file start_27.txt (compact mmCIF, C-alpha atoms)
# COMPACT_ATOMS: atom_id res chain seq x y z
CA MET A 6 13.93 9.95 14.20
CA SER A 7 11.45 12.77 14.66
CA SER A 8 7.74 12.19 14.34
CA ALA A 9 7.24 15.44 12.43
CA PRO A 10 6.21 15.14 8.79
CA LEU A 11 8.59 16.19 6.04
CA PRO A 12 8.66 19.98 5.58
CA LEU A 13 6.97 21.56 2.61
CA ARG A 14 7.53 24.99 1.12
CA PRO A 15 4.44 27.12 1.91
CA THR A 16 2.55 27.91 -1.29
CA ARG A 17 -0.85 29.34 -2.11
CA PRO A 18 -2.72 26.51 -3.85
CA ARG A 19 -4.81 27.15 -6.94
CA ARG A 20 -8.22 25.53 -6.71
CA LEU A 21 -11.10 24.62 -8.97
CA LEU A 22 -14.65 24.31 -7.68
CA LEU A 23 -16.49 21.22 -8.92
CA ARG A 24 -20.27 21.51 -8.66
CA VAL A 25 -22.47 18.40 -8.78
CA GLY A 26 -26.01 19.53 -7.94
CA PRO A 27 -25.98 21.00 -4.41
CA VAL A 28 -22.51 19.53 -3.68
CA ARG A 29 -19.47 21.80 -4.11
CA LEU A 30 -16.08 20.13 -4.11
CA PRO A 31 -12.90 22.27 -4.17
CA LEU A 32 -10.07 20.61 -6.10
CA ARG A 33 -6.40 21.59 -6.02
CA VAL A 34 -5.02 22.15 -9.52
CA ARG A 35 -1.60 20.72 -8.65
CA SER A 36 -3.18 17.57 -7.21
CA LEU A 37 -5.16 17.09 -10.42
CA VAL A 38 -1.99 17.49 -12.50
CA VAL A 39 -0.13 14.96 -10.35
CA ALA A 40 -3.05 12.53 -10.55
CA ALA A 41 -3.18 12.86 -14.35
CA ALA A 42 0.59 12.31 -14.60
CA CYS A 43 0.31 9.18 -12.42
CA VAL A 44 -2.51 7.80 -14.58
CA ILE A 45 -0.48 8.38 -17.76
CA ALA A 46 2.60 6.73 -16.19
CA LEU A 47 0.47 3.83 -15.00
CA VAL A 48 -0.98 3.22 -18.47
CA MET A 49 2.48 3.36 -20.06
CA LEU A 50 3.92 0.95 -17.49
CA LEU A 51 0.96 -1.38 -17.95
CA VAL A 52 1.49 -1.55 -21.73
CA LEU A 53 5.22 -2.07 -21.16
CA SER A 54 4.62 -4.82 -18.62
CA LEU A 55 2.18 -6.66 -20.89
CA GLY A 56 4.58 -6.51 -23.83
CA MET A 57 7.79 -7.68 -22.15
CA GLY A 58 8.70 -11.32 -21.64
CA ALA A 59 9.83 -14.49 -23.42
CA PHE A 60 7.24 -13.76 -26.12
CA PRO A 61 7.72 -10.00 -26.67
CA LEU A 62 4.92 -7.90 -28.08
CA SER A 63 5.04 -4.37 -29.46
CA PRO A 64 3.04 -1.64 -27.70
CA ASP A 65 0.74 -1.49 -30.74
CA ALA A 66 -0.04 -5.20 -30.41
CA VAL A 67 -0.71 -4.86 -26.68
CA VAL A 68 -3.03 -1.90 -27.19
CA ALA A 69 -4.85 -3.74 -29.99
CA VAL A 70 -5.50 -6.68 -27.64
CA LEU A 71 -6.67 -4.40 -24.82
CA LEU A 72 -9.11 -2.73 -27.25
CA GLY A 73 -10.59 -6.09 -28.20
CA GLY A 74 -8.53 -6.92 -31.30
CA GLY A 75 -5.28 -8.81 -31.94
CA ASP A 76 -4.67 -12.38 -33.06
CA PRO A 77 -5.56 -15.33 -30.77
CA LEU A 78 -1.97 -15.97 -29.62
CA ASP A 79 -1.42 -12.32 -28.66
CA ARG A 80 -4.72 -12.32 -26.76
CA THR A 81 -3.71 -15.44 -24.86
CA VAL A 82 -0.33 -13.99 -23.92
CA VAL A 83 -1.69 -10.61 -22.85
CA LEU A 84 -5.03 -11.45 -21.29
CA GLU A 85 -4.37 -14.86 -19.74
CA TRP A 86 -0.64 -14.90 -18.99
CA ARG A 87 0.39 -11.36 -18.13
CA LEU A 88 -2.67 -9.23 -17.34
CA PRO A 89 -3.54 -10.89 -13.96
CA ARG A 90 -0.02 -10.24 -12.67
CA ALA A 91 0.02 -6.62 -13.88
CA LEU A 92 -3.40 -5.91 -12.38
CA ALA A 93 -2.27 -7.56 -9.15
CA ALA A 94 0.74 -5.21 -8.99
CA VAL A 95 -1.51 -2.19 -9.55
CA SER A 96 -4.10 -3.35 -7.00
CA VAL A 97 -1.64 -4.37 -4.28
CA GLY A 98 0.31 -1.14 -4.65
CA ALA A 99 -2.86 0.92 -4.38
CA LEU A 100 -4.18 -0.98 -1.34
CA LEU A 101 -0.89 -0.74 0.53
CA ALA A 102 -0.57 2.97 -0.23
CA ILE A 103 -4.09 3.73 1.01
CA ALA A 104 -3.39 1.77 4.20
CA GLY A 105 -0.13 3.64 4.68
CA SER A 106 -1.82 7.03 4.25
CA LEU A 107 -4.43 6.11 6.85
CA PHE A 108 -1.87 4.96 9.42
CA GLN A 109 0.37 7.97 8.87
CA SER A 110 -2.59 10.36 9.06
CA VAL A 111 -3.83 8.86 12.34
CA THR A 112 -0.41 8.77 14.01
CA ARG A 113 0.89 11.94 12.27
CA ASN A 114 4.15 10.12 11.73
CA PRO A 115 5.71 9.36 8.30
CA LEU A 116 7.26 6.15 9.66
CA ALA A 117 3.96 4.61 10.75
CA SER A 118 3.37 2.21 7.90
CA PRO A 119 1.74 -1.23 8.24
CA ASP A 120 4.93 -3.12 7.36
CA ILE A 121 7.00 -1.21 9.92
CA LEU A 122 4.29 -1.78 12.56
CA GLY A 123 4.22 -5.53 11.93
CA LEU A 124 0.76 -5.84 10.41
CA SER A 125 2.13 -7.42 7.23
CA ASN A 126 3.94 -10.04 9.29
CA GLY A 127 0.74 -10.57 11.29
CA ALA A 128 -1.22 -11.14 8.10
CA PHE A 129 1.52 -13.53 6.95
CA THR A 130 1.22 -15.45 10.22
CA GLY A 131 -2.54 -15.75 9.79
CA MET A 132 -2.11 -16.88 6.20
CA LEU A 133 0.39 -19.57 7.26
CA VAL A 134 -1.96 -20.90 9.95
CA ALA A 135 -4.84 -21.01 7.47
CA LEU A 136 -2.65 -22.66 4.83
CA VAL A 137 -1.49 -25.42 7.18
CA LEU A 138 -4.51 -26.01 9.37
CA VAL A 139 -7.54 -25.06 7.24
CA SER A 140 -7.21 -24.96 3.46
CA PRO A 141 -4.91 -23.58 0.72
CA SER A 142 -7.90 -21.93 -1.02
CA PRO A 143 -7.75 -18.14 -1.64
CA SER A 144 -10.80 -17.51 0.56
CA ALA A 145 -9.25 -19.38 3.52
CA ARG A 146 -5.94 -17.56 3.06
CA THR A 147 -7.74 -14.20 2.83
CA LEU A 148 -9.66 -14.88 6.03
CA GLY A 149 -6.51 -16.11 7.77
CA ALA A 150 -4.56 -13.02 6.69
CA LEU A 151 -7.38 -10.77 7.90
CA ILE A 152 -7.53 -12.45 11.30
CA GLY A 153 -3.73 -12.35 11.58
CA GLY A 154 -3.58 -8.67 10.70
CA LEU A 155 -6.38 -7.74 13.09
CA SER A 156 -4.80 -9.78 15.89
CA ALA A 157 -1.44 -8.08 15.38
CA ALA A 158 -3.14 -4.67 15.37
CA ALA A 159 -4.99 -5.54 18.60
CA VAL A 160 -1.76 -6.59 20.33
CA ILE A 161 0.07 -3.45 19.20
CA TRP A 162 -2.83 -1.24 20.26
CA LEU A 163 -3.01 -3.00 23.65
CA PHE A 164 0.65 -2.34 24.45
CA ALA A 165 0.84 1.14 22.90
CA ALA A 166 -2.45 2.65 24.07
CA ARG A 167 -1.61 3.04 27.76
CA GLY A 168 -2.02 6.72 28.58
CA GLY A 169 -3.10 7.53 25.02
CA VAL A 170 -1.69 6.39 21.70
CA GLN A 171 1.51 8.26 20.76
CA GLY A 172 2.91 7.87 17.27
CA PHE A 173 6.52 7.15 18.27
CA ARG A 174 5.50 4.63 20.96
CA LEU A 175 3.19 2.92 18.47
CA ILE A 176 6.13 2.51 16.08
CA LEU A 177 8.45 1.10 18.75
CA VAL A 178 5.84 -1.41 19.90
CA GLY A 179 5.08 -2.29 16.29
CA ILE A 180 8.75 -2.95 15.50
CA GLY A 181 8.96 -5.27 18.50
CA VAL A 182 5.79 -7.15 17.56
CA SER A 183 6.99 -7.36 13.94
CA ALA A 184 10.28 -8.95 15.05
CA MET A 185 8.46 -11.53 17.18
CA LEU A 186 6.05 -12.38 14.37
CA ALA A 187 8.92 -12.73 11.89
CA SER A 188 10.56 -15.23 14.24
CA LEU A 189 7.29 -17.10 14.65
CA ASN A 190 6.83 -17.24 10.87
CA THR A 191 10.33 -18.64 10.40
CA TRP A 192 9.72 -21.31 13.03
CA MET A 193 6.42 -22.30 11.39
CA LEU A 194 8.09 -22.61 7.98
CA LEU A 195 10.62 -25.00 9.49
CA GLN A 196 7.87 -27.21 10.91
CA ILE A 197 5.62 -27.71 7.89
CA GLU A 198 6.04 -29.91 4.81
CA LEU A 199 8.77 -28.98 2.35
CA GLU A 200 6.46 -28.27 -0.59
CA THR A 201 4.18 -26.06 1.49
CA ALA A 202 7.16 -24.31 3.06
CA MET A 203 8.67 -23.54 -0.35
CA PHE A 204 5.40 -22.03 -1.56
CA ALA A 205 4.94 -20.01 1.63
CA SER A 206 8.59 -18.85 1.66
CA ALA A 207 8.41 -17.56 -1.91
CA TRP A 208 5.11 -15.86 -1.12
CA GLY A 209 6.51 -14.43 2.13
CA ALA A 210 9.28 -12.61 0.25
CA GLY A 211 6.62 -10.52 -1.47
CA SER A 212 6.13 -12.12 -4.85
CA LEU A 213 3.63 -11.78 -7.68
CA ASN A 214 4.69 -15.07 -9.25
CA GLY A 215 1.75 -17.40 -9.66
CA VAL A 216 -0.91 -14.79 -8.96
CA THR A 217 -4.27 -16.07 -10.18
CA SER A 218 -7.42 -14.22 -11.13
CA GLU A 219 -9.31 -16.07 -8.38
CA THR A 220 -6.94 -14.83 -5.67
CA LEU A 221 -6.99 -11.27 -6.99
CA VAL A 222 -10.78 -11.11 -7.34
CA THR A 223 -11.32 -12.54 -3.84
CA ALA A 224 -9.00 -9.96 -2.30
CA LEU A 225 -10.52 -7.05 -4.26
CA VAL A 226 -14.08 -8.04 -3.36
CA CYS A 227 -13.11 -8.02 0.31
CA ALA A 228 -11.22 -4.72 0.03
CA ALA A 229 -13.64 -2.72 -2.17
CA PRO A 230 -16.06 -1.60 0.60
CA PHE A 231 -13.15 -0.49 2.76
CA VAL A 232 -11.54 1.46 -0.09
CA LEU A 233 -14.81 3.38 -0.49
CA ALA A 234 -14.97 3.90 3.27
CA SER A 235 -11.44 5.32 3.27
CA ALA A 236 -12.50 7.91 0.69
CA GLY A 237 -15.40 8.97 2.89
CA LEU A 238 -13.11 9.17 5.90
CA GLY A 239 -10.72 11.65 4.26
CA PRO A 240 -12.41 14.90 5.40
CA ARG A 241 -12.66 13.57 8.97
CA LEU A 242 -8.94 12.79 9.01
CA ARG A 243 -8.16 16.34 7.86
CA GLN A 244 -10.18 17.65 10.80
CA LEU A 245 -7.92 15.67 13.14
CA ASP A 246 -4.93 17.64 11.82
CA LEU A 247 -6.43 20.67 13.56
CA GLY A 248 -6.28 18.94 16.94
CA ASP A 249 -8.77 16.83 18.83
CA ASP A 250 -10.51 19.78 20.50
CA VAL A 251 -11.10 21.64 17.23
CA ALA A 252 -12.14 18.43 15.48
CA ALA A 253 -14.67 17.65 18.20
CA ALA A 254 -15.98 21.22 18.10
CA THR A 255 -16.57 20.91 14.34
CA GLY A 256 -18.62 17.75 14.69
CA SER A 257 -16.00 15.01 14.44
CA ARG A 258 -15.40 12.19 16.93
CA PRO A 259 -11.61 11.76 17.02
CA ALA A 260 -11.48 8.39 18.80
CA LEU A 261 -14.07 6.86 16.47
CA VAL A 262 -12.36 8.26 13.36
CA ARG A 263 -8.96 6.89 14.43
CA SER A 264 -10.38 3.45 15.20
CA ALA A 265 -12.22 3.32 11.86
CA ALA A 266 -9.12 4.42 9.94
CA LEU A 267 -6.92 1.81 11.61
CA LEU A 268 -9.50 -0.92 11.04
CA ILE A 269 -9.76 -0.02 7.35
CA GLY A 270 -5.99 0.05 7.05
CA VAL A 271 -5.61 -3.41 8.59
CA VAL A 272 -8.20 -4.91 6.23
CA LEU A 273 -6.52 -3.37 3.18
CA VAL A 274 -3.11 -4.66 4.26
CA ALA A 275 -4.54 -8.14 4.83
CA ALA A 276 -6.15 -8.15 1.39
CA ALA A 277 -2.92 -7.02 -0.28
CA THR A 278 -0.86 -9.55 1.66
CA THR A 279 -3.12 -12.36 0.51
CA VAL A 280 -2.27 -11.59 -3.12
CA ALA A 281 1.47 -10.90 -2.99
CA GLY A 282 2.69 -11.59 0.51
CA PRO A 283 4.23 -8.92 2.74
CA VAL A 284 5.57 -6.31 0.27
CA ALA A 285 7.67 -3.80 2.17
CA PHE A 286 8.04 -0.01 1.92
CA VAL A 287 5.24 0.76 -0.58
CA ALA A 288 2.88 1.70 2.26
CA LEU A 289 5.69 3.71 3.85
CA ALA A 290 6.89 5.68 0.84
CA ALA A 291 3.88 6.15 -1.45
CA PRO A 292 1.81 8.51 0.78
CA GLN A 293 4.79 10.81 1.44
CA VAL A 294 5.85 10.80 -2.22
CA ALA A 295 2.30 11.74 -3.22
CA ARG A 296 2.22 14.54 -0.65
CA LEU A 297 5.58 15.91 -1.78
CA LEU A 298 4.54 15.86 -5.45
CA ALA A 299 1.18 17.51 -4.84
CA ARG A 300 2.49 19.79 -2.05
CA THR A 301 -0.57 19.18 0.07
CA PRO A 302 -0.56 19.73 3.85
CA TYR A 303 -2.30 16.37 4.31
CA LEU A 304 -2.05 12.81 2.98
CA SER A 305 -4.50 12.02 0.20
CA PRO A 306 -5.60 8.35 -0.02
CA GLY A 307 -6.48 8.77 -3.72
CA LEU A 308 -3.15 10.24 -4.78
CA SER A 309 -1.33 7.77 -2.53
CA ALA A 310 -3.11 4.90 -4.28
CA LEU A 311 -2.00 6.12 -7.71
CA VAL A 312 1.62 6.58 -6.60
CA GLY A 313 1.60 3.17 -4.87
CA ALA A 314 0.28 1.49 -8.01
CA VAL A 315 2.97 3.13 -10.15
CA LEU A 316 5.72 2.20 -7.67
CA LEU A 317 4.79 -1.46 -7.41
CA LEU A 318 4.15 -1.96 -11.13
CA ALA A 319 7.51 -0.33 -11.95
CA SER A 320 9.21 -2.46 -9.27
CA ASP A 321 7.66 -5.60 -10.75
CA ILE A 322 8.97 -4.72 -14.22
CA VAL A 323 12.46 -4.28 -12.75
CA ALA A 324 12.17 -7.55 -10.80
CA GLN A 325 11.05 -9.50 -13.88
CA HIS A 326 13.04 -8.05 -16.76
CA LEU A 327 15.80 -5.61 -15.81
CA LEU A 328 17.92 -7.71 -13.44
CA PRO A 329 20.26 -10.63 -14.26
CA VAL A 330 17.93 -13.01 -12.38
CA VAL A 331 14.20 -12.87 -11.74
CA LEU A 332 13.54 -11.79 -8.16
CA PRO A 333 10.42 -11.38 -6.03
CA VAL A 334 9.06 -7.85 -6.30
CA GLY A 335 9.45 -7.48 -2.53
CA VAL A 336 13.25 -7.59 -2.93
CA VAL A 337 13.13 -4.59 -5.27
CA THR A 338 10.80 -2.60 -3.02
CA VAL A 339 13.08 -3.25 -0.05
CA SER A 340 16.02 -1.83 -2.01
CA VAL A 341 14.04 1.24 -3.07
CA GLY A 342 12.68 1.62 0.45
CA GLY A 343 16.17 1.63 1.91
CA ALA A 344 17.12 4.53 -0.34
CA TYR A 345 13.91 6.29 0.67
CA LEU A 346 14.72 5.93 4.37
CA VAL A 347 18.20 7.38 3.82
CA LEU A 348 16.61 10.33 1.98
CA MET A 349 14.20 10.91 4.86
CA ILE A 350 17.04 10.91 7.37
CA VAL A 351 19.07 13.38 5.27
CA LEU A 352 16.08 15.73 4.91
CA GLU A 353 15.40 15.53 8.63
CA ILE A 354 19.04 16.35 9.47
CA ARG A 355 18.99 19.32 7.09
CA ARG A 356 15.72 20.54 8.58
CA ARG A 357 17.21 20.48 12.06
CA ALA A 358 20.53 22.08 11.00
call {"tool": "encode", "arguments": {"input": "start_27.txt", "output": "structure tokens"}}
result
Amino acid sequence: MSSAPLPLRPTRPRRLLLRVGPVRLPLRVRSLVVAAACVIALVMLLVLSLGMGAFPLSPDAVVAVLLGGGDPLDRTVVLEWRLPRALAAVSVGALLAIAGSLFQSVTRNPLASPDILGLSNGAFTGMLVALVLVSPSPSARTLGALIGGLSAAAVIWLFAARGGVQGFRLILVGIGVSAMLASLNTWMLLQIELETAMFASAWGAGSLNGVTSETLVTALVCAAPFVLASAGLGPRLRQLDLGDDVAAATGSRPALVRSAALLIGVVLVAAATTVAGPVAFVALAAPQVARLLARTPYLSPGLSALVGAVLLLASDIVAQHLLPVVLPVGVVTVSVGGAYLVLMIVLEIRRRA
């Protein structure tokens, strides 16, 4: 598999210039249209998700509750039963997509996503250790997932950085580390108590079942500063696309920017894994889908976040309501991700033909 990004048809982008005091910010018209379409799709999916279930509600009833009205039973169903899960799907999808865009921007490889590199399995390992040895509380699991993700990233970086980090070598090392961590996680599940193992196994498949507001808020509080930092890092990452020499000549520090981007990506993956477990392929597919829709020459963390949120919320609706049995959302994303990988391979073969 080549490390080159998917080809895009060269176009002349239309831009708008946003002026806020002395700051001038050029905005691509197509990116704004794609972002608006994603927001509309996200709102529609959110209303659909909140209305579907054993106690169905019409879209009008859901909207009335979200605007502060509705009868007490509808408010209980929407706000207490279904809204935490829907918001968790939106948040986890956005966090994974931002992390994926950072990793793919740094390595310049569309296959360099945190789940492929083994960071999700590393966060799962840390969560299991915290769950068994420390406490089942959300804060302990978040800290354990963060330490696990950082440790996995350090090991991958240690083995892949000899002679300079290369995207393809980073992926190969990451796949190897991911396989070892998956084996370690399976062994740990076989050693712990049955009740704990059942909870951890369901969570490890990538599930939003049983998501609580406490878990979601803890993860978002930890991730919020890093999401803001990723937005500030965007222009620096675009400078790296010009090459290290040009980036350094224009005031950037390539090594520092790469390290910061990878650190932010690991934290975001750990926060997302704490909420829903290791959900595969969202971080891989969302940044490239956003880039293809907006036809940008770079990966946008903001657009990636919107596409990731739409993908995971739609996958959760399918997992809950559109299949004969209720499945973890990670099973649906794996199926969609497999189709995405086949599409990438076909496009790559056509590009080389």
call {"tool": "atom_distance", "arguments": {"input": "start_27.txt", "atom1": "CA of Gly98 in chain A", "atom2": "CA of Arg33 in chain A"}}
result
23.7 Å
call {"tool": "closest_residue", "arguments": {"input": "start_27.txt", "among": "A:Ala254, A:Ile350, A:Ala324, A:Leu88", "to": "Ser218 in chain A", "atoms": "only C-alpha atoms"}}
result
A:Leu88
call {"tool": "closest_atom_pairs", "arguments": {"input": "start_27.txt", "of": "range 94-184 of chain A", "to": "range 280-301 of chain A", "cutoff": "10 Å", "atoms": "only C-alpha atoms", "output": "Markdown table"}}
result
| residue | atom | partner | partner_atom | distance |
| --- | --- | --- | --- | --- |
| A:Ala94 | CA | A:Ala281 | CA | 8.3 |
| A:Ser96 | CA | A:Val280 | CA | 9.3 |
| A:Val97 | CA | A:Val280 | CA | 7.3 |
| A:Gly98 | CA | A:Val287 | CA | 6.7 |
| A:Ala99 | CA | A:Ala288 | CA | 8.8 |
| A:Leu100 | CA | A:Ala288 | CA | 8.4 |
| A:Leu101 | CA | A:Ala288 | CA | 4.8 |
| A:Ala102 | CA | A:Ala288 | CA | 4.4 |
| A:Ile103 | CA | A:Ala288 | CA | 7.4 |
| A:Ala104 | CA | A:Ala288 | CA | 6.6 |
| A:Gly105 | CA | A:Ala288 | CA | 4.3 |
| A:Ser106 | CA | A:Pro292 | CA | 5.2 |
| A:Leu107 | CA | A:Pro292 | CA | 9.0 |
| A:Phe108 | CA | A:Ala288 | CA | 9.2 |
| A:Gln109 | CA | A:Pro292 | CA | 8.2 |
| A:Ser110 | CA | A:Pro292 | CA | 9.6 |
| A:Pro115 | CA | A:Gln293 | CA | 7.1 |
| A:Leu116 | CA | A:Leu289 | CA | 6.5 |
| A:Ala117 | CA | A:Leu289 | CA | 7.2 |
| A:Ser118 | CA | A:Leu289 | CA | 4.9 |
| A:Pro119 | CA | A:Ala288 | CA | 6.8 |
| A:Asp120 | CA | A:Ala285 | CA | 5.9 |
| A:Ile121 | CA | A:Leu289 | CA | 7.9 |
| A:Gly123 | CA | A:Pro283 | CA | 9.8 |
| A:Leu124 | CA | A:Pro283 | CA | 9.0 |
| A:Ser125 | CA | A:Pro283 | CA | 5.2 |
| A:Asn126 | CA | A:Pro283 | CA | 6.7 |
| A:Gly127 | CA | A:Pro283 | CA | 9.4 |
| A:Ala128 | CA | A:Pro283 | CA | 8.0 |
| A:Phe129 | CA | A:Pro283 | CA | 6.8 |
| A:Met132 | CA | A:Gly282 | CA | 9.1 |
| A:Pro143 | CA | A:Val280 | CA | 8.7 |
| A:Arg146 | CA | A:Val280 | CA | 9.3 |
| A:Thr147 | CA | A:Val280 | CA | 8.5 |
| A:Ala150 | CA | A:Gly282 | CA | 9.6 |
call {"tool": "closest_residue", "arguments": {"input": "start_27.txt", "among": "A:Ala66, A:Val274, A:Val34, A:Val182", "to": "Asp79 in chain A", "atoms": "all atoms listed in the file"}}
result
A:Ala66
call {"tool": "residues_around", "arguments": {"input": "start_27.txt", "residues": "Leu318 in chain A", "least_positions_apart": "3", "cutoff": "6 Å", "atoms": "all atoms listed in the file", "output": "PDB file with C-alpha atoms, in the frame of the given file"}}
result
ATOM      1  CA  ALA A  94       0.740  -5.210  -8.990  1.00  0.00           C
ATOM      2  CA  VAL A  95      -1.510  -2.190  -9.550  1.00  0.00           C
ATOM      3  CA  VAL A 315       2.970   3.130 -10.150  1.00  0.00           C
ATOM      4  CA  ASP A 321       7.660  -5.600 -10.750  1.00  0.00           C
TER       5      ASP A 321
END
call {"tool": "atom_distance", "arguments": {"input": "start_27.txt", "atom1": "CA of Arg87 in chain A", "atom2": "CA of Ala59 in chain A"}}
result
11.3 Å
call {"tool": "atom_distance", "arguments": {"input": "start_27.txt", "atom1": "CA of Ala41 in chain A", "atom2": "CA of Ser309 in chain A"}}
result
13.0 Å
call {"tool": "closest_residue", "arguments": {"input": "start_27.txt", "among": "A:Leu317, A:Leu37, A:Ala202, A:Val331", "to": "Leu50 in chain A", "atoms": "all atoms listed in the file"}}
result
A:Leu317
call {"tool": "closest_residue", "arguments": {"input": "start_27.txt", "among": "A:Ala145, A:Ala266, A:Leu316, A:Leu332", "to": "Ala224 in chain A", "atoms": "all atoms listed in the file"}}
result
A:Ala145
call {"tool": "closest_residue", "arguments": {"input": "start_27.txt", "among": "A:Leu308, A:Ile197, A:Leu155, A:Leu47", "to": "Arg35 in chain A", "atoms": "only C-alpha atoms"}}
result
A:Leu308
call {"tool": "axis_aligned_box", "arguments": {"input": "start_27.txt", "around": "range 115-127 of chain A", "padding_each_side": "5 Å", "output": "AutoDock Vina command-line options"}}
result
--center_x 4.0 --center_y -0.6 --center_z 9.9 --size_x 16.5 --size_y 29.9 --size_z 15.3
call {"tool": "closest_residue", "arguments": {"input": "start_27.txt", "among": "A:Val312, A:Ala93, A:Leu186, A:Val82", "to": "Glu219 in chain A", "atoms": "all atoms listed in the file"}}
result
A:Ala93
call {"tool": "residues_around", "arguments": {"input": "start_27.txt", "residues": "Val83 in chain A", "least_positions_apart": "4", "cutoff": "9 Å", "atoms": "only C-alpha atoms", "output": "PyMOL selection string"}}
result
chain A and resi 55-56+62+67+70-71+78-79+87-88
call {"tool": "build_atoms", "arguments": {"input": "start_27.txt", "residues": "range 209-222 of chain A", "atoms": "N, CA, C and O atoms", "output": "compact mmCIF listing (two decimals), keeping the file's coordinate frame"}}
result
# COMPACT_ATOMS: atom_id res chain seq x y z
N GLY A 209 6.16 -15.31 1.02
CA GLY A 209 6.51 -14.43 2.13
C GLY A 209 7.56 -13.40 1.77
O GLY A 209 7.74 -12.41 2.50
N ALA A 210 8.30 -13.61 0.68
CA ALA A 210 9.28 -12.61 0.25
C ALA A 210 8.63 -11.45 -0.49
O ALA A 210 9.30 -10.48 -0.85
N GLY A 211 7.31 -11.56 -0.72
CA GLY A 211 6.62 -10.52 -1.47
C GLY A 211 6.74 -10.76 -2.95
O GLY A 211 7.52 -10.10 -3.65
N SER A 212 5.99 -11.72 -3.45
CA SER A 212 6.13 -12.12 -4.85
C SER A 212 4.78 -12.12 -5.56
O SER A 212 3.75 -12.47 -4.97
N LEU A 213 4.83 -11.74 -6.84
CA LEU A 213 3.63 -11.78 -7.68
C LEU A 213 3.64 -12.99 -8.60
O LEU A 213 2.76 -13.12 -9.45
N ASN A 214 4.65 -13.85 -8.44
CA ASN A 214 4.69 -15.07 -9.25
C ASN A 214 3.50 -15.97 -8.89
O ASN A 214 3.21 -16.19 -7.73
N GLY A 215 2.85 -16.47 -9.91
CA GLY A 215 1.75 -17.40 -9.66
C GLY A 215 0.46 -16.77 -9.20
O GLY A 215 -0.44 -17.47 -8.73
N VAL A 216 0.35 -15.44 -9.33
CA VAL A 216 -0.91 -14.79 -8.96
C VAL A 216 -2.02 -15.24 -9.91
O VAL A 216 -1.83 -15.24 -11.13
N THR A 217 -3.15 -15.63 -9.36
CA THR A 217 -4.27 -16.07 -10.18
C THR A 217 -5.41 -15.06 -10.12
O THR A 217 -5.50 -14.26 -9.17
N SER A 218 -6.27 -15.12 -11.11
CA SER A 218 -7.42 -14.22 -11.13
C SER A 218 -8.33 -14.47 -9.94
O SER A 218 -8.91 -13.53 -9.37
N GLU A 219 -8.44 -15.75 -9.52
CA GLU A 219 -9.31 -16.07 -8.38
C GLU A 219 -8.81 -15.39 -7.10
O GLU A 219 -9.60 -14.79 -6.35
N THR A 220 -7.50 -15.47 -6.86
CA THR A 220 -6.94 -14.83 -5.67
C THR A 220 -7.14 -13.32 -5.71
O THR A 220 -7.53 -12.70 -4.71
N LEU A 221 -6.88 -12.73 -6.86
CA LEU A 221 -6.99 -11.27 -6.99
C LEU A 221 -8.43 -10.82 -6.81
O LEU A 221 -8.70 -9.85 -6.08
N VAL A 222 -9.36 -11.51 -7.44
CA VAL A 222 -10.78 -11.11 -7.34
C VAL A 222 -11.27 -11.26 -5.90
O VAL A 222 -11.99 -10.38 -5.38
